[in-house]
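Structure below is start_18.txt: compact mmCIF, C-alpha atoms.
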```txt
# COMPACT_ATOMS: atom_id res chain seq x y z
CA MET A 1 -15.84 13.37 20.82
CA ALA A 2 -17.31 10.15 19.51
CA GLY A 3 -17.83 9.83 15.79
CA GLN A 4 -15.43 12.60 14.80
CA LEU A 5 -12.16 12.17 13.00
CA GLN A 6 -9.22 13.02 15.24
CA PHE A 7 -5.73 13.92 14.01
CA SER A 8 -2.52 13.31 15.85
CA PRO A 9 1.00 12.80 14.59
CA THR A 10 1.20 9.43 16.35
CA SER A 11 -2.00 8.21 14.66
CA TRP A 12 -0.61 9.19 11.25
CA VAL A 13 2.66 7.37 11.94
CA ALA A 14 0.94 4.26 13.29
CA ASN A 15 -1.62 4.09 10.49
CA GLY A 16 1.02 4.85 7.87
CA HIS A 17 2.95 1.81 9.05
CA LYS A 18 -0.24 -0.28 8.89
CA LEU A 19 -1.00 0.89 5.35
CA SER A 20 2.56 0.10 4.23
CA ALA A 21 2.33 -3.34 5.81
CA ALA A 22 -1.03 -3.95 4.10
CA GLY A 23 0.54 -3.02 0.76
CA ASP A 24 3.44 -5.38 1.39
CA ASP A 25 1.04 -8.17 2.40
CA LEU A 26 -1.08 -7.58 -0.70
CA GLY A 27 2.04 -7.77 -2.86
CA SER A 28 3.06 -11.09 -1.36
CA ALA A 29 -0.44 -12.53 -1.52
CA SER A 30 -0.96 -11.43 -5.12
CA GLN A 31 2.32 -12.98 -6.25
CA SER A 32 1.38 -16.22 -4.55
CA PHE A 33 -2.09 -16.14 -6.09
CA ILE A 34 -0.84 -15.37 -9.59
CA SER A 35 1.69 -18.18 -9.45
CA SER A 36 -1.03 -20.60 -8.35
CA VAL A 37 -3.39 -19.73 -11.23
CA SER A 38 -0.95 -19.09 -14.06
CA ASP A 39 -0.93 -22.59 -15.55
CA ALA A 40 -2.99 -22.31 -18.72
CA SER A 41 -2.36 -25.92 -19.73
CA VAL A 42 -5.83 -26.86 -18.46
CA PHE A 43 -7.17 -25.43 -21.71
CA GLY A 44 -5.14 -27.87 -23.73
CA GLY A 45 -3.32 -26.92 -26.86
CA ASN A 46 -4.24 -29.62 -29.30
CA ASP A 47 -7.02 -27.62 -30.92
CA LEU A 48 -7.61 -24.03 -31.98
CA VAL A 49 -10.08 -23.22 -29.19
CA GLY A 50 -7.80 -24.54 -26.46
CA SER A 51 -4.79 -22.69 -27.87
CA VAL A 52 -6.68 -19.38 -28.12
CA ALA A 53 -8.22 -19.82 -24.65
CA ALA A 54 -4.80 -20.55 -23.14
CA MET A 55 -3.31 -17.48 -24.81
CA ILE A 56 -6.13 -15.19 -23.65
CA TYR A 57 -6.05 -16.65 -20.16
CA GLY A 58 -2.30 -16.16 -19.92
CA LEU A 59 -2.62 -12.52 -20.95
CA MET A 60 -5.43 -11.94 -18.45
CA VAL A 61 -3.44 -13.48 -15.59
CA GLN A 62 -0.41 -11.40 -16.55
CA ARG A 63 -2.51 -8.21 -16.65
CA LEU A 64 -4.15 -9.00 -13.31
CA GLY A 65 -0.74 -9.61 -11.74
CA GLY A 66 0.48 -6.25 -13.02
CA CYS A 67 -2.58 -4.46 -11.65
CA LEU A 68 -2.25 -6.10 -8.25
CA ASP A 69 1.47 -5.28 -8.11
CA THR A 70 0.75 -1.64 -8.96
CA LEU A 71 -1.95 -1.47 -6.29
CA ALA A 72 0.29 -3.05 -3.66
CA GLU A 73 3.21 -0.75 -4.49
CA GLY A 74 0.91 2.28 -4.36
CA MET A 75 -0.51 1.30 -0.97
CA SER A 76 2.95 0.77 0.45
CA ALA A 77 4.27 4.04 -0.96
CA HIS A 78 1.23 5.95 0.31
CA GLY A 79 1.74 4.42 3.75
CA HIS A 80 5.33 5.65 3.77
CA LEU A 81 4.13 9.16 2.85
CA VAL A 82 1.50 9.13 5.61
CA THR A 83 4.16 8.03 8.10
CA GLU A 84 6.51 10.75 6.91
CA ALA A 85 3.77 13.38 7.21
CA GLY A 86 3.08 12.32 10.80
CA GLU A 87 6.76 12.44 11.70
CA THR A 88 7.16 15.86 10.06
CA TYR A 89 4.12 17.19 11.91
CA ALA A 90 5.44 15.81 15.22
CA ASP A 91 8.80 17.52 14.64
CA LEU A 92 7.07 20.80 13.76
CA GLU A 93 4.82 20.58 16.80
CA SER A 94 7.79 19.91 19.06
CA SER A 95 9.70 22.84 17.56
CA GLN A 96 6.74 25.16 18.11
CA VAL A 97 6.39 24.05 21.74
CA ASP A 98 10.12 24.71 22.28
CA GLN A 99 9.81 28.12 20.66
CA ALA A 100 6.76 29.05 22.73
CA THR A 101 8.54 27.92 25.90
CA SER A 102 11.54 30.10 25.10
CA ILE A 103 9.28 33.11 24.45
CA GLU A 104 7.49 32.58 27.75
CA GLY A 105 10.86 32.43 29.50
CA MET A 106 11.75 35.91 28.22
CA HIS A 107 9.01 37.58 30.24
```
As structure tokens - that is how I would like this structure written.
Amino acid sequence: MAGQLQFSPTSWVANGHKLSAAGDDLGSASQSFISSVSDASVFGGNDLVGSVAAMIYGLMVQRLGGCLDTLAEGMSAHGHLVTEAGETYADLESSQVDQATSIEGMH
């Protein structure tokens, strides 16, 4: 059925792995980005304005890095949970099929 959301344990496992990988990639990219923009020396430090700007900029970069790290860790952790849910559902489904087969065999 086109346009409808479909659930399957394999889709949860596959997409959970993709979400975890995206979180890991975001973590790596954000660390690289933060290290490339963290030099506040461009503001100078010989005057009051440059010193204050450098301090504020440094705090902003640090805060942004923390936010990006938290987001990346959350995405990765959520991906692991989605994968685990898919695997648990697949195990449950398999167990139910085995149980139904054994009941059918009794008759």
Just to confirm, what's the straight-line distance from atom CA of A:Glu84 to atom CA of A:Leu5 in Å (one decimal)? 19.7 Å
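Between A:Ser32 and the candidates A:Gly50, A:Pro9, A:Gly65, A:Gly58, the tightest atom-to-atom separation, counting only C-alpha atoms, involves A:Gly65.
Taking atom CA of A:Thr101 and atom CA of A:Ser11 as the two end points, the separation is 25.0 Å.
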Just give me the gap between atom CA of A:Ala22 and atom CA of A:His80 in Å, one decimal is fine. 11.5 Å
Taking all atoms listed in the file into account, which of A:Gly86, A:Gly79, A:Gly45, A:Gly66 comes nearest A:Ala21? A:Gly79
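When only C-alpha atoms are used to compute distances to A:Gln31, the closest of the residues A:Leu92, A:Val97, A:Leu64, A:Ala77 turns out to be A:Leu64.
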Exercise: A:Ser41 partners within 12 Å, only C-alpha atoms, chain neighbours under 2 positions left out, as a list in words: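 Here the qualifying residues turn out to be Val37, Ser38, Asp39, Phe43, Gly44, Gly45, Asn46, Gly50, Ser51, Val52, Ala53, Ala54, Met55, Tyr57 and Gly58 of chain A.
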Extract, using only C-alpha atoms, all DNA, RNA and protein residues at most 12 Å from stretch 12-19 of chain A, discarding same-chain residues fewer than 4 positions from it, and format them as an NGL selection string. :A and (6-8 or 23-26 or 71-90)
Could you give me the axis-aligned bounding box of stretch 63-73 of chain A, with 8 Å of padding per side, as centre plus edge lengths in Å to one decimal, as AutoDock Vina command-line options?
```
--center_x -0.5 --center_y -5.2 --center_z -10.2 --size_x 23.4 --size_y 24.9 --size_z 29.0
```
N, CA and C atoms for stretch 77-106 of chain A, written as a PDB file, in the coordinates of the input, could you do that?
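Saved file rebuild-v4.pdb follows:
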```
ATOM      1  N   ALA A  77       3.680   2.713  -0.802  1.00  0.00           N
ATOM      2  CA  ALA A  77       4.270   4.040  -0.960  1.00  0.00           C
ATOM      3  C   ALA A  77       3.426   5.098  -0.249  1.00  0.00           C
ATOM      4  N   HIS A  78       2.114   4.993  -0.356  1.00  0.00           N
ATOM      5  CA  HIS A  78       1.230   5.950   0.310  1.00  0.00           C
ATOM      6  C   HIS A  78       1.390   5.838   1.836  1.00  0.00           C
ATOM      7  N   GLY A  79       1.515   4.622   2.322  1.00  0.00           N
ATOM      8  CA  GLY A  79       1.740   4.420   3.750  1.00  0.00           C
ATOM      9  C   GLY A  79       3.015   5.085   4.224  1.00  0.00           C
ATOM     10  N   HIS A  80       4.070   4.995   3.414  1.00  0.00           N
ATOM     11  CA  HIS A  80       5.330   5.650   3.770  1.00  0.00           C
ATOM     12  C   HIS A  80       5.146   7.177   3.808  1.00  0.00           C
ATOM     13  N   LEU A  81       4.382   7.710   2.868  1.00  0.00           N
ATOM     14  CA  LEU A  81       4.130   9.160   2.850  1.00  0.00           C
ATOM     15  C   LEU A  81       3.309   9.607   4.053  1.00  0.00           C
ATOM     16  N   VAL A  82       2.318   8.810   4.432  1.00  0.00           N
ATOM     17  CA  VAL A  82       1.500   9.130   5.610  1.00  0.00           C
ATOM     18  C   VAL A  82       2.375   9.113   6.863  1.00  0.00           C
ATOM     19  N   THR A  83       3.234   8.111   6.967  1.00  0.00           N
ATOM     20  CA  THR A  83       4.160   8.030   8.100  1.00  0.00           C
ATOM     21  C   THR A  83       5.070   9.245   8.138  1.00  0.00           C
ATOM     22  N   GLU A  84       5.619   9.597   6.997  1.00  0.00           N
ATOM     23  CA  GLU A  84       6.510  10.750   6.910  1.00  0.00           C
ATOM     24  C   GLU A  84       5.790  12.042   7.287  1.00  0.00           C
ATOM     25  N   ALA A  85       4.543  12.191   6.857  1.00  0.00           N
ATOM     26  CA  ALA A  85       3.770  13.380   7.210  1.00  0.00           C
ATOM     27  C   ALA A  85       3.561  13.465   8.724  1.00  0.00           C
ATOM     28  N   GLY A  86       3.252  12.343   9.354  1.00  0.00           N
ATOM     29  CA  GLY A  86       3.080  12.320  10.800  1.00  0.00           C
ATOM     30  C   GLY A  86       4.355  12.672  11.536  1.00  0.00           C
ATOM     31  N   GLU A  87       5.480  12.133  11.063  1.00  0.00           N
ATOM     32  CA  GLU A  87       6.760  12.440  11.700  1.00  0.00           C
ATOM     33  C   GLU A  87       7.133  13.909  11.514  1.00  0.00           C
ATOM     34  N   THR A  88       6.879  14.447  10.328  1.00  0.00           N
ATOM     35  CA  THR A  88       7.160  15.860  10.060  1.00  0.00           C
ATOM     36  C   THR A  88       6.299  16.753  10.944  1.00  0.00           C
ATOM     37  N   TYR A  89       5.019  16.409  11.063  1.00  0.00           N
ATOM     38  CA  TYR A  89       4.120  17.190  11.910  1.00  0.00           C
ATOM     39  C   TYR A  89       4.556  17.121  13.377  1.00  0.00           C
ATOM     40  N   ALA A  90       4.976  15.956  13.835  1.00  0.00           N
ATOM     41  CA  ALA A  90       5.440  15.810  15.220  1.00  0.00           C
ATOM     42  C   ALA A  90       6.676  16.671  15.465  1.00  0.00           C
ATOM     43  N   ASP A  91       7.606  16.686  14.510  1.00  0.00           N
ATOM     44  CA  ASP A  91       8.800  17.520  14.640  1.00  0.00           C
ATOM     45  C   ASP A  91       8.433  18.999  14.668  1.00  0.00           C
ATOM     46  N   LEU A  92       7.513  19.402  13.808  1.00  0.00           N
ATOM     47  CA  LEU A  92       7.070  20.800  13.760  1.00  0.00           C
ATOM     48  C   LEU A  92       6.377  21.183  15.054  1.00  0.00           C
ATOM     49  N   GLU A  93       5.527  20.310  15.548  1.00  0.00           N
ATOM     50  CA  GLU A  93       4.820  20.580  16.800  1.00  0.00           C
ATOM     51  C   GLU A  93       5.808  20.720  17.960  1.00  0.00           C
ATOM     52  N   SER A  94       6.785  19.848  18.010  1.00  0.00           N
ATOM     53  CA  SER A  94       7.790  19.910  19.060  1.00  0.00           C
ATOM     54  C   SER A  94       8.594  21.203  18.983  1.00  0.00           C
ATOM     55  N   SER A  95       8.952  21.594  17.768  1.00  0.00           N
ATOM     56  CA  SER A  95       9.700  22.840  17.560  1.00  0.00           C
ATOM     57  C   SER A  95       8.879  24.046  18.010  1.00  0.00           C
ATOM     58  N   GLN A  96       7.597  24.033  17.716  1.00  0.00           N
ATOM     59  CA  GLN A  96       6.740  25.160  18.110  1.00  0.00           C
ATOM     60  C   GLN A  96       6.579  25.222  19.623  1.00  0.00           C
ATOM     61  N   VAL A  97       6.483  24.077  20.269  1.00  0.00           N
ATOM     62  CA  VAL A  97       6.390  24.050  21.740  1.00  0.00           C
ATOM     63  C   VAL A  97       7.684  24.605  22.333  1.00  0.00           C
ATOM     64  N   ASP A  98       8.832  24.195  21.790  1.00  0.00           N
ATOM     65  CA  ASP A  98      10.120  24.710  22.280  1.00  0.00           C
ATOM     66  C   ASP A  98      10.211  26.221  22.079  1.00  0.00           C
ATOM     67  N   GLN A  99       9.764  26.686  20.950  1.00  0.00           N
ATOM     68  CA  GLN A  99       9.810  28.120  20.660  1.00  0.00           C
ATOM     69  C   GLN A  99       8.884  28.891  21.594  1.00  0.00           C
ATOM     70  N   ALA A 100       7.705  28.377  21.821  1.00  0.00           N
ATOM     71  CA  ALA A 100       6.760  29.050  22.730  1.00  0.00           C
ATOM     72  C   ALA A 100       7.324  29.070  24.157  1.00  0.00           C
ATOM     73  N   THR A 101       7.947  27.990  24.558  1.00  0.00           N
ATOM     74  CA  THR A 101       8.540  27.920  25.900  1.00  0.00           C
ATOM     75  C   THR A 101       9.653  28.956  26.058  1.00  0.00           C
ATOM     76  N   SER A 102      10.465  29.122  25.018  1.00  0.00           N
ATOM     77  CA  SER A 102      11.540  30.100  25.100  1.00  0.00           C
ATOM     78  C   SER A 102      10.993  31.526  25.124  1.00  0.00           C
ATOM     79  N   ILE A 103       9.900  31.764  24.426  1.00  0.00           N
ATOM     80  CA  ILE A 103       9.280  33.110  24.450  1.00  0.00           C
ATOM     81  C   ILE A 103       8.695  33.381  25.815  1.00  0.00           C
ATOM     82  N   GLU A 104       8.050  32.404  26.413  1.00  0.00           N
ATOM     83  CA  GLU A 104       7.490  32.580  27.750  1.00  0.00           C
ATOM     84  C   GLU A 104       8.595  32.859  28.772  1.00  0.00           C
ATOM     85  N   GLY A 105       9.746  32.246  28.587  1.00  0.00           N
ATOM     86  CA  GLY A 105      10.860  32.430  29.500  1.00  0.00           C
ATOM     87  C   GLY A 105      11.471  33.814  29.425  1.00  0.00           C
ATOM     88  N   MET A 106      11.211  34.551  28.366  1.00  0.00           N
ATOM     89  CA  MET A 106      11.750  35.910  28.220  1.00  0.00           C
ATOM     90  C   MET A 106      11.004  36.925  29.087  1.00  0.00           C
TER      91      MET A 106
END
```
